[in-house]
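Since the structure comes first, as structure tokens, the remarks are kept for the end.
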Amino acid sequence: MQTVVAKILAQIESVVIGKPHQVKLALACLLAKGHILIEDLPGMGKTTLANTLALTLGLSYQRIQFTSDLMPADVIGIAIFDETTKSFQLHPGAIFNQVVLADEVNRASPKTQSALLEAMEEGRVSVDGVTHQLPEPFFVIATQNPMSHAGTYPLPESQLDRFMMRLSLGFPSIDAEREILQSTASHRDVIEIKPFLQVEQLREIQQHISSVRVSPAIVDYVIALCRVSRQSESQAKALSPRAGKSLLAAAKSWAFMENRDYVIPEDIQAVFSPVCEHRLAPQQHHIFDQTDEISQQILSQVDPTNPLV
Amino acid sequence: MTKKSKQSIEENVLPRKSKKPSKNNKLKLNGKMYFSLLAFQLLNLLTLVLQFNLLYLLFAIFALALQFFVHFKLVRKSSLASPTSQSISFYAAPKILPSWLIFLLAISGSVGIAFAGQELGLLLSMIHLLCFAYSLKMFEIPSRKDLYQLVVLGIFVATSSLIFIQSIYFSLAVIVLVLGNFLILINLFAPTMAMSAQAKLLAKLSLYSVPLAVILFVGFPKLSPFWQVPNVESAKVGLSDNVKIGDIAQLALSDELAFRVSFQNSNPEHAQLYWRAMVLDDFDGVTWRQGLREKGQRNNQRYGSATLEHANSSASVQITGEGLSYQVIAEPSFQSWLFALDFATSEQGDIGQRNDFSLFYRGIISQTLSYQVTSYPKAKLAPILADETRALNLLLSTENNPRLLAKGRQLRRQYSDNSQLINRVLAEFNQENYFYTLQPPRLNNNSLDQFYFDTRAGFCEHYASTFTYLMRAAGIPARMVVGYLGGEFNPSGNYLSVYQRNAHAWSEVWLPDSGWQRVDPTAAVDPERVESGFSSNLMQEYDNLSSGLFSMQPLRAMWWYKQLKMQIDAIDYQWTRWVIGYTGQKQSRVMAELLASLKQGKNIVYFLLILITIALLVYVYKSVKVRVKPDDKIKALYLKTLALMAKHKLVKARSMTAEQFADIVAATRPELSAHFTTISKCFAHLAYQNFDDISQQERHIQLIKLQSSYRHLRWQLWLAKFGIR
């Protein structure tokens, strides 16, 4: 199973050049059934990463470019009266796909944003009082431009919380940039990427990840981290139990990718800032590989070997 | 002390600490404080009350009463004036006596003590001076400093009473009193502290001082006192060196302890326990004395060494048979004779022997004295009698007891054989109507005649005197020996207590073929007395005589009373033996033994055992203190390891995981990494991976392994301190 994951990783890394850590985190997040928010400047490869992820996992994929005039119906779909059956028929929107790439999600109006985010949380949508189940698995990969750019609607905290991780790709290194510039592959080549997984296999992997063992010591560590965030005197928000759950799920996934069937504190530490930073400091944007100040500060306050003292 | 009053102390006393004491700002104290100071002064002085001169006693009582009266009045006045206000109950010590009067009193008192010094002796006059100062100091406490002096003086007064009385109960009482004085001091230093907290602090401090006290007691050189303890108790109950008829019967009513004995091996029978104290060989018809006429003439010969070597070399003793070793702890008698079984030898340098075979101490026994004796019961005493001694022991004052003299001469004519004659006299005692009683009828001048022929009722000294007199009249050298007979065995302490009521007198006759021979005429009259102590008749008599207002007799008969008394006595014995009896000599002996045993290899094992025991105790204490949950032992060990590493400047950053830190250690201190990585790995393994399916037993095995790694690591770190890798 891990070999498949390694192959997937290798393929994505061949497309998204020079960002192995972010790629691994993103994959871990998807394997843990979490949605990802990728936040970066335009042209940093956000879309490429999202595309590659979806295609490599062999899932149905649709991209929605969010604009300020995008309506919720465009995302979810609309019920149209069918003359032949004399009934309303759903015309599904872009969201009825296994992977939805919500590009520049902060450009859409809050109403449209919340339609998407509700769908993410519930895993189903309601159109005219009829509930429609979304496909399974269902991932949203949203990208976002930093708020300072004009014409954006920042995501509210409650909706940020729905993303398991927030990632940023950041500028590539010199070597990576050289490789990017020299490569002949165009943006369109991404579409030709071969899927490595069947849906069945993905389910199996997800099953496996959920059975990764978490010792009481790890749970204590997570609790201690959450508690420290609540005692913090800074402006930071506190970590909710849901944040703790996401943290554990991400850590399990990370442990799986590290070829382990149990979680160690290193796993928690590896996923802590992508999982928690956007919950702790929603208004601070996570760009240019800035150090994740608040989450690092919290991490530094807890001793993983003796967390609850 | 109530909360409110504490607050007011804070207001009134504490601010003084910051300010410099000035004349206007006098020390103010609570009325309760003054009264407790007075009460403790009274108690401290009470410990010495038996030693005080009457004049001083009157002065002290007067001073205390005056103080009490003045403070009582002041407190009442203040509470009447403003019953609600609390701060009013704090007041500066009033000037009861003007300063010039105190000065005058101090001078005149000191002069008075100096004049009385002749009579009191150095020690007592010093104690009087101390107590006098203590009494006067109470009138002059304007500042805190004076108060401290007062309390410390009190502690000195209380402890100096231990010079005179050393029984365990009195010592305990003095310790309690001293602790009470300390409590007052704590109260002065920390008035805002709750009473219970003060007591706790006191208990803690006292506990801490115990090991130090023990070390000082065992190891600090015991200086011999600079003073001569005065012979204040010369009127003490006990044997005296001139015995009148009836004296010992009086003594037999005393329950006071004379001495205690612990035998090294088995205890001899009661009838063997004739504790010789002294020999009285001069009889003027009324009183028996030690040979006065000899005194002064031949001091050199009268006193000799008591060692076995000396006895072997001298012609006056033939030692045969097994020796019997025992330790005697004598109560202070303010005399110098010692108690031992015949024939006694002692290797102690401060013990000598008279030529009448009694032991004596080269000094006055003013404190409990412990000495080691070896006796040879089968030794032959004086196989050859010196002419002088023979003459002395045949000497008779003929004017007082003519009838007895005649009886003796008649016996001599009747029996040519000495032992037949002796048996005849004893048989008369036994078969004719002689009574053994604690209440002998009063005798007139011709006391022995009257007793032997008329009253026929007497105590041991009657029989011994009469017998000795008869022997001398018959031409057999005889003398009276006084001492003690028997003793009460305490099984719980395995020792023998000899009381004053065990006082006894018997005779010694000199026979050509057996030397000095003990003859106890009492045995002929009342064999039970010799074989097992007081007979029931005598006991009855004893109870009737000794019971005052209420009879102890029913109590005495009760089993538990006897047991209790025995237990208490055993405690007192151990106290006397180990604490009071721990003299300078003994101390140097203990130290020498300790050193010698340390030099011997095998005793190092004992020493190590002691060390191990201490280490074990420390370990138990620590493990109790940390209170680790049993399944968290490995984690505890890991944390302990971290603490150890931190001590050696290898500090784990808080957020570092076990493995990360192990890697860092491996990189920076590769020589430590083997053991540290083992511990870290095992900890991480059990904490994160193998946390749910490992048995307690496996955990335990792991723990033991880790502990050994820990020890190695500690050792390596320790070595590293000295640059050894």
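So you can find residues: chains in the structure tokens are A, B, ... in the order shown, residues in each start at 1, and ligands are numbered from 1 in order.
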
(request) Could the residues of chain A within 8 Å of chain B, counting only C-alpha atoms, be given as a list of chain:residue names, please? (result)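 Going by the stated atoms only, the list reads A:Arg213, A:Val214, A:Ser215, A:Pro216, A:Ala217, A:Ile218, A:Tyr262, A:Val263, A:Ile264, A:Pro265, A:Glu266, A:Leu299, A:Ser300, A:Gln301, A:Val302, A:Asp303, A:Pro304, A:Thr305, A:Asn306.
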
(request) Determine, counting only C-alpha atoms, which protein, DNA and RNA residues have an atom within 10 Å of an atom of A:Val199; residues of the same chain fewer than 4 positions away are not included. Present the result as a ChimeraX atom specification. (result) /A:57-59,98,136-137,203-205

(message) Would you pick out the contacts of B:Ala674 at 10 Å or less, using only C-alpha atoms, so that residues sharing its chain but fewer than 4 positions from it are not included, and give the list as number ranges by chain?
(response) B: 662, 665-666, 670, 678-679, 709, 712-713

(message) Counting only C-alpha atoms, which residue out of B:Gln327, B:Ser206, B:Ser397, B:Ser514 sits closest to B:Ala382?
(response)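 Going through B:Gln327, B:Ser206, B:Ser397, B:Ser514 one by one, the smallest distance to B:Ala382 is for B:Ser514.
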
(request) Find the spatial neighbours of A:Ala94, counting only C-alpha atoms, within a cut-off of 9 Å - ignore same-chain residues fewer than 2 positions away - and output them as a count of residues only. (result) 12
